[in-house]
Structures are given as structure tokens and as C-alpha cells.
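Novice: Pasting in a structure now, in C-alpha cells, and then I'll have a few things to ask.
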Protein chains: 2
Amino acid sequence: MELNERQKKIIEITKENGPITGEQIAEKLNLTRATLRPDLAILTMSGFLDARPRVGYFYTGKTQSQLLTDKVKRMTVKSYQSIPVVVEESASAYDAICTMFLEDVGTLFVVNKDGVLIGALSRKDLLRASLGNQDLSAIPISVIMSRMPNITFCHSHDLIIDVAKLLIERQIDGMPVVKETDKGLEVTGRLTKTNVTRAFVELAEGQFD
Amino acid sequence: MELNERQKKIIEITKENGPITGEQIAEKLNLTRATLRPDLAILTMSGFLDARPRVGYFYTGKTQSQLLTDKVKRMTVKSYQSIPVVVEESASAYDAICTMFLEDVGTLFVVNKDGVLIGALSRKDLLRASLGNQDLSAIPISVIMSRMPNITFCHSHDLIIDVAKLLIERQIDGMPVVKETDKGLEVTGRLTKTNVTRAFVELAEGQFD
């Protein structure tokens with residue numbers, strides 16, 4: 001949506017003088033109230049200005065990009081997460097790599113016998129282990145995995161944008177979606193850069209409403 | 001931007017009857033032309049309808065999300081790509097893994113002595129090789145890499161959205177950004193799911209204009 005010069009001027013006037021009535025804005029622009037009506041309607045409907053009866057117009061402080069991206073800020077983990085793949089801590093590095101290929105995932109979550117999250121294992125962790133030139137089936141994952149509490153996780157109600165920021169900040173490819181239980185964290189999903197890429201595509205394709 | 005009931009009706013009428021004049025729309029709604037003026041202005045400015053003098057209003061066929069995401073469709077590879085990391089085809093799997101850790105990347109591009117792209121190597125390719133329990137320094141990358149012409153690549157002027165779709169479709173983490181030369185493809189960049197995740201964050205944070 002492109003604003004015209006007059007609409008931009010109205011925003012400027014309201015920013016400086018708000019709350020201000022339509023009459024007062026018209027006066028400042030040497031135009032009639034009727035001429036301005038469509039512009040004021042557009043600016044109000046699109047969220048740049050807010051109008052209160054008997055008070056006047058306010059500037060909402062929202063830029064066009066903020067308004068455009070309000071949509072993005074309603075996208076939650078729940079709608080984009082994948083099924084988690086978990087392994088037990090007794091598994092070997094060799095087992096873990098096989099599971100990654102079988103399940104076609106890049107991150108595994110490690111759980112104890114109560115099903116509680118105790119670790120995470122990335123392709124990077126396994127590649128590092130393979131540099132040692134040791135027998136991979138003799139390396140227990142418990143010595144190469146990242147361990148709680150050093151694991152970044154999220155909840156299904158979290159925003160994709162917040163998780164995306166964490167993925168970049170922590171330089172990880174994915175994280176578990178968890179639920180708190182009496183025993184600890186239960187893994188209910190997996191949220192990766194692939195899911196964020198999907199969210200981006202869906203948004204850009206307009207399949208999101 | 002929320003449309004009101006009347007505006008939604010106007011869109012429906014124009015969709016079915018367009019091109020249609022403002023007078024005719026007003027008639028169908030039992031309203032005066034003057035009453036409709038702000039609504040028609042809003043719908044035209046925001047791109048739902050298009051108006052041609054002496055012809056009338058058309059439905060543009062754009063949904064609200066399409067209009068919202070037009071912005072996304074202007075994001076190109078050039079603005080988000082990373083520096084590529086290349087290795088020569090004579091390198092071993094061991095060398096390649098070391099380079100990945102040193103350069104902190106998940107995908108390497110393989111070039112011949114003219115600097116022309118001949119292959120690509122992912123963490124997944126290297127993990128698969130490590131399952132063989134062979135000495136990784138004895139495995140040449142030329143036998144485990146993906147090889148041209150089976151490599152997905154993009155250009156710096158491509159849209160992030162198109163590249164994002166390719167990354168998902170082909171189930172890869174990244175691809176080379178290339179430039180055509182007399183000898184073949186020269187690698188000028190790297191575009192990964194991390195870059196797409198960054199694009200998503202930037203958009204959602206409103207830093208993009």
C-alpha cells in the first residue's frame with residue numbers, strides 16, 4: 001500500500017499535534033473536511049491513525065512495516081513444529097547417525113527412561129565425534145551430546161519469530177518443543193530452521209491469513 | 001487492515017460484475033455514490049480494486065495476504081547471502097570436516113583448478129561416509145560429494161522466496177550462489193536455511209522497508 005503525499009502530510013500533522021480533529025487537520029492543509037474524508041478513512045483503517053469520538057485523531061506510532069509484520073507475529077510454534085525423534089542415552093554415536101538417516105532429521109533429542117529430556121544431539125556433534133577415528137559404535141552419545149540445562153527449548157505457544165531469533169543467536173539448527181511435567185521436560189515436538197523456512201514460504205505465498 | 005462488511009460486499013460485487021462504475025455499485029447497495037466514496041478510495045488505494053477512468057472498477061484478484069506479502073517478494077538473494085567456503089576436489093573427507101568446523105559452515109562447495117563449481121558437500125554426506133568405519137582421511141571427497149549437474153544453485157538476483165522453496169523441495173540445507181563464466185559456474189556466495197531464517201526475522205521485526 002502506497003501512501004500519497006497528502007496522506008503523508010496528514011500523518012506528520014497528527015504526529016506533531018495529535019489528538020487533533022479532522023477540521024483542524026483540514027484547516028492546516030487549506031482543504032475542506034469533505035476532501036480529507038477518504039484520506040482519513042484510509043489512514044484509520046490501515047492502522048496509521050486512531051480516531052476517538054469527540055477527541056480527534058492520534059498517531060498510533062506504527063510504521064507501515066510494523067503493520068505489515070503484525071501478521072508474522074501471530075505465527076506460533078504449534079502450527080509449524082515437526083514430530084520429534086528421541087533416542088535413549090544408552091545409544092552409541094553409530095546408532096544415533098543411523099537413526100538420523102532412518103528418520104531423516106538433523107537433530108535428535110536424548111531422553112532418560114522416564115521419557116524426560118536430558119540431552120540433544122546435532123549432526124555437528126556427531127561429525128566432531130567421527131574425527132576421532134574411533135569406532136563410532138563404541139562412543140556413547142552421553143559423552144558427545146549437549147546436556148540439560150544447556151539446551152535451548154521452546155513451547156508450542158511460543159512465536160516462530162522468537163524461536164527463529166534463538167536459532168540464529170545460539171547457532172543451532174533446531175530445538176525441542178517441550179511441556180513441563182512433574183518429572184521434568186517432556187519433548188512434544190521439534191522446531192528447526194526448516195520449519196522457519198516453511199513459515200517464511202507460506203507467508204510469502206499468501207497461504208497464511 | 002480489517003475490511004468492514006460494506007467493503008467486503010463491494011469487492012464481491014466488483015468481482016462478479018467488473019468493470020463496474022461507482023454509480024452502479026451504489027445502486028446495487030441502495031446507497032448514494034457519495035456514501036461509497038471513502039470505501040472505494042480505501043479499496044483502490046490498498047490494491048483490492050483498480051479503477052480506470054470512463055470504464056469503472058476492476059477486481060485486481062489480489063487477496064489481503066497477497067498484498068501484505070508483496071514486500072516479501074522483493075527480498076533478493078544478494079541481500080541475505082553468506083560468503084561461500086570452497087574446497088578442492090583432491091581434499092579428503094577428513095579435510096572437509098575440519099574445514100567445516102574451522103569455517104563454521106554446514107555446506108562446502110567443491111571447485112576444480114579453474115575455480116569452477118563441480119560439486120557440493122553437506123554434513124549429511126560426510127556423516128554417511130563416517131558410517132563406513134573407514135579412515136576418513138583416505139576417502140576423497142570426489143566419491144561422496146553431489147556432483148554437477150545434480151547441484152541446486154541460485155543467482156544473486158533470485159528471490160529469497162524461490163530459493164526457500166527449492167531448499168524445502170530438494171531437502172537441502174544450502175546452495176551455492178553462482179555466476180556464469182566462459183569456463184562454467186563460479187561460486188560467489190552461499191544461501192542457506194540460516195539466511196532464510198534471518199530474512200524471516202528481519203521482516204517480522206520491521207527492519208525491512
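In the C-alpha cells, chains take the letters A, B, ... in the order shown, each chain's residues start at 1, and ligands count up from 1 in the order shown.
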Can you provide chain A as a compact mmCIF listing (two decimals) with C-alpha atoms, in the first residue's frame, superposed onto chain B by least squares across all C-alpha atoms matched in order?
Specialist:
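Output (part.txt):
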```txt
# COMPACT_ATOMS: atom_id res chain seq x y z
CA MET A 1 -6.12 -4.35 7.76
CA GLU A 2 -9.69 -5.45 8.46
CA LEU A 3 -12.35 -4.78 5.86
CA ASN A 4 -15.84 -3.86 7.05
CA GLU A 5 -19.04 -5.49 5.79
CA ARG A 6 -19.74 -2.72 3.32
CA GLN A 7 -16.27 -2.97 1.82
CA LYS A 8 -16.63 -6.73 1.45
CA LYS A 9 -19.97 -6.19 -0.33
CA ILE A 10 -18.35 -3.66 -2.68
CA ILE A 11 -15.67 -6.20 -3.57
CA GLU A 12 -18.34 -8.83 -4.27
CA ILE A 13 -20.33 -6.43 -6.47
CA THR A 14 -17.23 -5.38 -8.40
CA LYS A 15 -16.11 -8.98 -8.79
CA GLU A 16 -19.44 -9.87 -10.43
CA ASN A 17 -20.17 -6.70 -12.37
CA GLY A 18 -16.87 -4.95 -13.02
CA PRO A 19 -16.06 -2.67 -14.70
CA ILE A 20 -18.70 -0.78 -12.79
CA THR A 21 -18.97 2.91 -11.87
CA GLY A 22 -19.12 4.26 -8.33
CA GLU A 23 -22.67 5.46 -9.04
CA GLN A 24 -23.76 1.97 -10.04
CA ILE A 25 -22.20 0.41 -6.94
CA ALA A 26 -23.93 3.02 -4.77
CA GLU A 27 -27.24 2.23 -6.45
CA LYS A 28 -26.91 -1.48 -5.78
CA LEU A 29 -26.24 -0.75 -2.11
CA ASN A 30 -28.98 1.92 -1.81
CA LEU A 31 -26.40 4.45 -0.68
CA THR A 32 -25.16 7.75 -2.05
CA ARG A 33 -21.93 8.02 -4.04
CA ALA A 34 -20.58 10.37 -1.33
CA THR A 35 -21.12 7.79 1.40
CA LEU A 36 -19.17 5.21 -0.57
CA ARG A 37 -16.26 7.49 -1.42
CA PRO A 38 -14.05 6.59 1.58
CA ASP A 39 -14.70 2.86 1.08
CA LEU A 40 -13.86 3.02 -2.61
CA ALA A 41 -10.74 5.03 -1.82
CA ILE A 42 -9.62 2.45 0.73
CA LEU A 43 -10.27 -0.48 -1.59
CA THR A 44 -8.41 1.18 -4.44
CA MET A 45 -5.46 2.30 -2.36
CA SER A 46 -5.03 -1.07 -0.79
CA GLY A 47 -5.05 -2.80 -4.15
CA PHE A 48 -8.28 -4.78 -4.01
CA LEU A 49 -9.89 -2.66 -6.72
CA ASP A 50 -8.44 -0.80 -9.65
CA ALA A 51 -10.13 2.28 -11.09
CA ARG A 52 -9.96 3.56 -14.66
CA PRO A 53 -11.33 7.01 -15.54
CA ARG A 54 -14.55 6.90 -17.52
CA VAL A 55 -14.65 3.09 -17.29
CA GLY A 56 -15.14 2.27 -13.63
CA TYR A 57 -13.88 -0.08 -10.94
CA PHE A 58 -12.30 -3.48 -11.57
CA TYR A 59 -11.60 -6.28 -9.16
CA THR A 60 -7.84 -6.87 -9.28
CA GLY A 61 -8.16 -10.50 -8.24
CA LYS A 62 -5.69 -10.00 -5.43
CA THR A 63 -6.58 -11.42 -2.04
CA GLN A 64 -5.45 -9.72 1.12
CA SER A 65 -2.71 -12.29 1.68
CA GLN A 66 -1.46 -11.87 -1.87
CA LEU A 67 -1.16 -8.15 -1.31
CA LEU A 68 0.55 -8.70 2.02
CA THR A 69 3.05 -11.06 0.52
CA ASP A 70 3.89 -9.01 -2.57
CA LYS A 71 6.60 -7.61 -0.32
CA VAL A 72 8.11 -11.01 0.30
CA LYS A 73 8.28 -11.55 -3.41
CA ARG A 74 10.70 -8.68 -3.80
CA MET A 75 13.34 -10.24 -1.50
CA THR A 76 16.30 -11.45 -3.55
CA VAL A 77 19.23 -13.79 -2.86
CA LYS A 78 21.73 -10.92 -3.16
CA SER A 79 20.49 -9.30 0.06
CA TYR A 80 20.63 -12.46 2.17
CA GLN A 81 23.45 -14.65 0.84
CA SER A 82 26.55 -15.56 2.85
CA ILE A 83 30.18 -15.88 1.82
CA PRO A 84 30.88 -19.29 0.22
CA VAL A 85 33.51 -21.67 1.56
CA VAL A 86 35.20 -23.75 -1.13
CA VAL A 87 37.59 -26.69 -1.00
CA GLU A 88 39.64 -28.34 -3.73
CA GLU A 89 38.67 -31.77 -4.93
CA SER A 90 41.96 -33.22 -3.71
CA ALA A 91 40.94 -32.59 -0.05
CA SER A 92 40.12 -35.53 2.22
CA ALA A 93 36.92 -36.03 4.21
CA TYR A 94 38.95 -35.24 7.33
CA ASP A 95 40.14 -31.92 5.82
CA ALA A 96 36.58 -31.09 4.81
CA ILE A 97 35.19 -31.65 8.33
CA CYS A 98 37.97 -29.47 9.77
CA THR A 99 37.17 -26.72 7.25
CA MET A 100 33.49 -26.90 8.23
CA PHE A 101 34.38 -26.37 11.89
CA LEU A 102 36.95 -23.66 11.20
CA GLU A 103 34.64 -21.73 8.90
CA ASP A 104 31.50 -22.61 10.85
CA VAL A 105 29.46 -23.69 7.84
CA GLY A 106 27.32 -26.73 7.08
CA THR A 107 27.94 -26.91 3.33
CA LEU A 108 31.18 -26.76 1.34
CA PHE A 109 31.52 -26.26 -2.38
CA VAL A 110 34.14 -28.14 -4.31
CA VAL A 111 36.00 -26.38 -7.14
CA ASN A 112 38.59 -27.51 -9.68
CA LYS A 113 41.90 -25.71 -10.25
CA ASP A 114 40.16 -23.13 -12.47
CA GLY A 115 37.85 -22.26 -9.56
CA VAL A 116 34.88 -23.82 -11.36
CA LEU A 117 32.11 -25.53 -9.31
CA ILE A 118 32.30 -29.31 -9.61
CA GLY A 119 30.72 -30.54 -6.38
CA ALA A 120 29.02 -29.87 -3.04
CA LEU A 121 29.52 -31.48 0.33
CA SER A 122 27.06 -31.44 3.23
CA ARG A 123 27.39 -32.52 6.87
CA LYS A 124 25.17 -35.42 5.90
CA ASP A 125 27.63 -36.59 3.21
CA LEU A 126 30.48 -36.48 5.72
CA LEU A 127 28.52 -38.25 8.46
CA ARG A 128 27.67 -41.02 6.03
CA ALA A 129 31.36 -41.40 5.24
CA SER A 130 32.20 -41.59 8.93
CA LEU A 131 29.93 -44.63 9.36
CA GLY A 132 32.34 -46.70 7.28
CA ASN A 133 34.82 -46.82 10.15
CA GLN A 134 37.59 -46.00 7.70
CA ASP A 135 40.32 -43.45 8.24
CA LEU A 136 38.60 -40.21 7.18
CA SER A 137 41.89 -38.69 6.01
CA ALA A 138 42.16 -41.52 3.48
CA ILE A 139 38.75 -40.79 1.91
CA PRO A 140 38.94 -38.24 -0.96
CA ILE A 141 35.93 -35.92 -1.02
CA SER A 142 35.57 -36.56 -4.74
CA VAL A 143 34.04 -39.96 -3.94
CA ILE A 144 31.49 -38.72 -1.39
CA MET A 145 30.45 -35.31 -2.74
CA SER A 146 27.41 -34.55 -4.89
CA ARG A 147 28.68 -33.84 -8.36
CA MET A 148 27.64 -31.48 -11.16
CA PRO A 149 25.17 -31.52 -12.88
CA ASN A 150 23.34 -32.91 -9.82
CA ILE A 151 23.85 -29.78 -7.76
CA THR A 152 21.07 -27.32 -7.11
CA PHE A 153 22.30 -23.74 -7.47
CA CYS A 154 20.84 -20.25 -7.69
CA HIS A 155 21.74 -16.76 -8.92
CA SER A 156 22.04 -13.57 -6.89
CA HIS A 157 19.00 -12.03 -8.62
CA ASP A 158 16.76 -15.02 -7.76
CA LEU A 159 13.95 -14.61 -5.26
CA ILE A 160 14.44 -15.94 -1.74
CA ILE A 161 11.01 -17.55 -1.98
CA ASP A 162 12.05 -19.62 -5.02
CA VAL A 163 15.28 -20.71 -3.38
CA ALA A 164 13.40 -21.56 -0.16
CA LYS A 165 11.08 -23.81 -2.16
CA LEU A 166 14.06 -25.55 -3.79
CA LEU A 167 15.72 -26.11 -0.39
CA ILE A 168 12.58 -27.85 0.86
CA GLU A 169 11.88 -29.81 -2.34
CA ARG A 170 15.43 -31.12 -2.72
CA GLN A 171 15.86 -31.64 1.04
CA ILE A 172 19.13 -29.76 1.20
CA ASP A 173 20.44 -27.26 3.74
CA GLY A 174 22.07 -24.85 1.32
CA MET A 175 23.14 -24.21 -2.25
CA PRO A 176 25.81 -22.20 -4.06
CA VAL A 177 25.03 -18.82 -5.58
CA VAL A 178 26.74 -18.91 -8.97
CA LYS A 179 27.77 -16.78 -11.92
CA GLU A 180 28.21 -18.20 -15.41
CA THR A 181 31.72 -17.84 -16.87
CA ASP A 182 33.39 -19.17 -20.02
CA LYS A 183 34.86 -22.05 -18.06
CA GLY A 184 31.73 -22.99 -16.11
CA LEU A 185 30.00 -21.90 -12.92
CA GLU A 186 31.89 -19.66 -10.52
CA VAL A 187 30.70 -19.75 -6.89
CA THR A 188 29.96 -16.24 -5.61
CA GLY A 189 27.86 -17.00 -2.52
CA ARG A 190 26.04 -19.47 -0.31
CA LEU A 191 22.32 -19.51 0.43
CA THR A 192 21.13 -21.71 3.28
CA LYS A 193 18.10 -22.30 5.48
CA THR A 194 19.81 -20.00 7.97
CA ASN A 195 19.62 -17.16 5.44
CA VAL A 196 15.95 -17.90 4.79
CA THR A 197 15.34 -17.92 8.55
CA ARG A 198 17.01 -14.50 8.74
CA ALA A 199 14.84 -13.21 5.90
CA PHE A 200 11.77 -14.44 7.77
CA VAL A 201 12.84 -12.71 10.99
CA GLU A 202 13.64 -9.46 9.23
CA LEU A 203 10.28 -9.46 7.52
CA ALA A 204 8.41 -10.22 10.70
CA GLU A 205 10.32 -7.58 12.62
CA GLY A 206 9.46 -4.96 10.03
CA GLN A 207 13.05 -4.08 9.23
CA PHE A 208 12.31 -4.69 5.58
CA ASP A 209 10.71 -1.93 3.55
```
Novice: What are the DSSP helix (DSSP H, G or I) residues of stretch 11-152 of chain B, as a PyMOL selection string?
Specialist: chain B and resi 11-17+22-29+33-45+64-69+72-74+77-79+93-103+123-130+136-138+141-143
Novice: Among chain A, which residues does DSSP mark as strand (DSSP E) when it is run on the backbone? Keep the chain and numbering as in the structure and answer as a ChimeraX atom specification.
Specialist: /A:49-52,56-59,86-88,107-111,117-122,146-147,174-180,185-192
Novice: Put those residues in a file: N, CA and C atoms, as an mmCIF file, in the first residue's frame.
Specialist:
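The resulting file, out-v7.cif, is reproduced below:
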```
data_model
loop_
_atom_site.group_PDB
_atom_site.id
_atom_site.type_symbol
_atom_site.label_atom_id
_atom_site.label_comp_id
_atom_site.auth_asym_id
_atom_site.auth_seq_id
_atom_site.Cartn_x
_atom_site.Cartn_y
_atom_site.Cartn_z
ATOM 1 N N LEU A 49 -3.447 5.838 11.878
ATOM 2 C CA LEU A 49 -4.075 6.757 12.822
ATOM 3 C C LEU A 49 -5.169 6.024 13.592
ATOM 4 N N ASP A 50 -5.450 6.546 14.782
ATOM 5 C CA ASP A 50 -6.552 6.016 15.553
ATOM 6 C C ASP A 50 -7.471 7.206 15.804
ATOM 7 N N ALA A 51 -8.777 6.977 15.786
ATOM 8 C CA ALA A 51 -9.715 8.083 15.987
ATOM 9 C C ALA A 51 -10.568 7.817 17.211
ATOM 10 N N ARG A 52 -10.729 8.847 18.072
ATOM 11 C CA ARG A 52 -11.648 8.706 19.196
ATOM 12 C C ARG A 52 -12.719 9.780 19.093
ATOM 13 N N GLY A 56 -10.506 13.223 18.690
ATOM 14 C CA GLY A 56 -9.797 13.502 17.447
ATOM 15 C C GLY A 56 -8.905 12.353 17.028
ATOM 16 N N TYR A 57 -7.976 12.650 16.126
ATOM 17 C CA TYR A 57 -7.083 11.629 15.575
ATOM 18 C C TYR A 57 -5.771 11.581 16.336
ATOM 19 N N PHE A 58 -5.299 10.350 16.557
ATOM 20 C CA PHE A 58 -3.995 10.089 17.162
ATOM 21 C C PHE A 58 -3.102 9.424 16.149
ATOM 22 N N TYR A 59 -1.817 9.600 16.309
ATOM 23 C CA TYR A 59 -0.852 8.814 15.546
ATOM 24 C C TYR A 59 -0.584 7.558 16.363
ATOM 25 N N VAL A 86 13.432 -39.124 19.282
ATOM 26 C CA VAL A 86 14.213 -39.234 20.511
ATOM 27 C C VAL A 86 15.006 -40.533 20.539
ATOM 28 N N VAL A 87 16.134 -40.497 21.230
ATOM 29 C CA VAL A 87 16.939 -41.703 21.443
ATOM 30 C C VAL A 87 17.240 -41.807 22.934
ATOM 31 N N GLU A 88 17.555 -43.028 23.381
ATOM 32 C CA GLU A 88 17.891 -43.198 24.795
ATOM 33 C C GLU A 88 19.373 -42.942 25.005
ATOM 34 N N THR A 107 18.527 -33.333 13.992
ATOM 35 C CA THR A 107 18.690 -33.182 15.434
ATOM 36 C C THR A 107 17.932 -34.287 16.154
ATOM 37 N N LEU A 108 18.578 -34.898 17.125
ATOM 38 C CA LEU A 108 17.928 -35.929 17.950
ATOM 39 C C LEU A 108 17.848 -35.413 19.380
ATOM 40 N N PHE A 109 16.817 -35.822 20.087
ATOM 41 C CA PHE A 109 16.713 -35.462 21.489
ATOM 42 C C PHE A 109 16.922 -36.723 22.312
ATOM 43 N N VAL A 110 17.655 -36.556 23.407
ATOM 44 C CA VAL A 110 18.004 -37.698 24.236
ATOM 45 C C VAL A 110 17.133 -37.668 25.491
ATOM 46 N N VAL A 111 16.503 -38.801 25.792
ATOM 47 C CA VAL A 111 15.613 -38.861 26.962
ATOM 48 C C VAL A 111 16.066 -39.979 27.902
ATOM 49 N N LEU A 117 13.566 -35.146 28.914
ATOM 50 C CA LEU A 117 14.660 -34.581 28.113
ATOM 51 C C LEU A 117 15.932 -34.415 28.943
ATOM 52 N N ILE A 118 17.020 -35.053 28.488
ATOM 53 C CA ILE A 118 18.293 -34.838 29.191
ATOM 54 C C ILE A 118 19.395 -34.339 28.258
ATOM 55 N N GLY A 119 19.166 -34.456 26.921
ATOM 56 C CA GLY A 119 20.223 -34.006 26.018
ATOM 57 C C GLY A 119 19.735 -33.792 24.604
ATOM 58 N N ALA A 120 20.622 -33.218 23.769
ATOM 59 C CA ALA A 120 20.322 -33.017 22.349
ATOM 60 C C ALA A 120 21.585 -33.318 21.561
ATOM 61 N N LEU A 121 21.384 -33.792 20.350
ATOM 62 C CA LEU A 121 22.485 -34.267 19.530
ATOM 63 C C LEU A 121 22.285 -33.743 18.110
ATOM 64 N N SER A 122 23.284 -33.008 17.602
ATOM 65 C CA SER A 122 23.177 -32.460 16.252
ATOM 66 C C SER A 122 24.120 -33.215 15.323
ATOM 67 N N SER A 146 24.865 -32.390 23.869
ATOM 68 C CA SER A 146 24.682 -31.221 24.730
ATOM 69 C C SER A 146 23.736 -31.682 25.833
ATOM 70 N N ARG A 147 23.974 -31.177 27.030
ATOM 71 C CA ARG A 147 23.240 -31.719 28.176
ATOM 72 C C ARG A 147 22.421 -30.623 28.860
ATOM 73 N N GLY A 174 18.084 -26.637 15.323
ATOM 74 C CA GLY A 174 16.740 -26.949 15.794
ATOM 75 C C GLY A 174 16.707 -27.038 17.303
ATOM 76 N N MET A 175 15.506 -27.091 17.854
ATOM 77 C CA MET A 175 15.372 -27.229 19.306
ATOM 78 C C MET A 175 14.106 -28.021 19.618
ATOM 79 N N PRO A 176 14.075 -28.649 20.805
ATOM 80 C CA PRO A 176 12.863 -29.388 21.176
ATOM 81 C C PRO A 176 11.735 -28.449 21.596
ATOM 82 N N VAL A 177 10.507 -28.854 21.266
ATOM 83 C CA VAL A 177 9.326 -28.188 21.812
ATOM 84 C C VAL A 177 8.959 -29.021 23.038
ATOM 85 N N VAL A 178 8.831 -28.390 24.186
ATOM 86 C CA VAL A 178 8.644 -29.163 25.421
ATOM 87 C C VAL A 178 7.387 -28.792 26.184
ATOM 88 N N LYS A 179 7.057 -29.680 27.112
ATOM 89 C CA LYS A 179 5.934 -29.480 28.031
ATOM 90 C C LYS A 179 6.470 -29.817 29.413
ATOM 91 N N GLU A 180 6.180 -28.962 30.390
ATOM 92 C CA GLU A 180 6.644 -29.229 31.752
ATOM 93 C C GLU A 180 5.805 -30.352 32.378
ATOM 94 N N LEU A 185 11.126 -32.074 31.728
ATOM 95 C CA LEU A 185 10.591 -31.635 30.443
ATOM 96 C C LEU A 185 10.298 -32.828 29.539
ATOM 97 N N GLU A 186 9.075 -32.861 29.021
ATOM 98 C CA GLU A 186 8.708 -33.899 28.068
ATOM 99 C C GLU A 186 8.795 -33.285 26.672
ATOM 100 N N VAL A 187 9.396 -34.018 25.719
ATOM 101 C CA VAL A 187 9.559 -33.495 24.367
ATOM 102 C C VAL A 187 8.291 -33.775 23.554
ATOM 103 N N THR A 188 7.660 -32.716 23.049
ATOM 104 C CA THR A 188 6.419 -32.907 22.293
ATOM 105 C C THR A 188 6.588 -32.552 20.815
ATOM 106 N N GLY A 189 7.708 -31.914 20.464
ATOM 107 C CA GLY A 189 7.895 -31.527 19.063
ATOM 108 C C GLY A 189 9.326 -31.118 18.782
ATOM 109 N N ARG A 190 9.536 -30.683 17.548
ATOM 110 C CA ARG A 190 10.865 -30.302 17.076
ATOM 111 C C ARG A 190 10.649 -29.078 16.203
ATOM 112 N N LEU A 191 11.454 -28.035 16.431
ATOM 113 C CA LEU A 191 11.323 -26.812 15.644
ATOM 114 C C LEU A 191 12.689 -26.464 15.074
ATOM 115 N N THR A 192 12.811 -26.505 13.742
ATOM 116 C CA THR A 192 14.107 -26.327 13.106
ATOM 117 C C THR A 192 14.075 -25.163 12.115
#
```
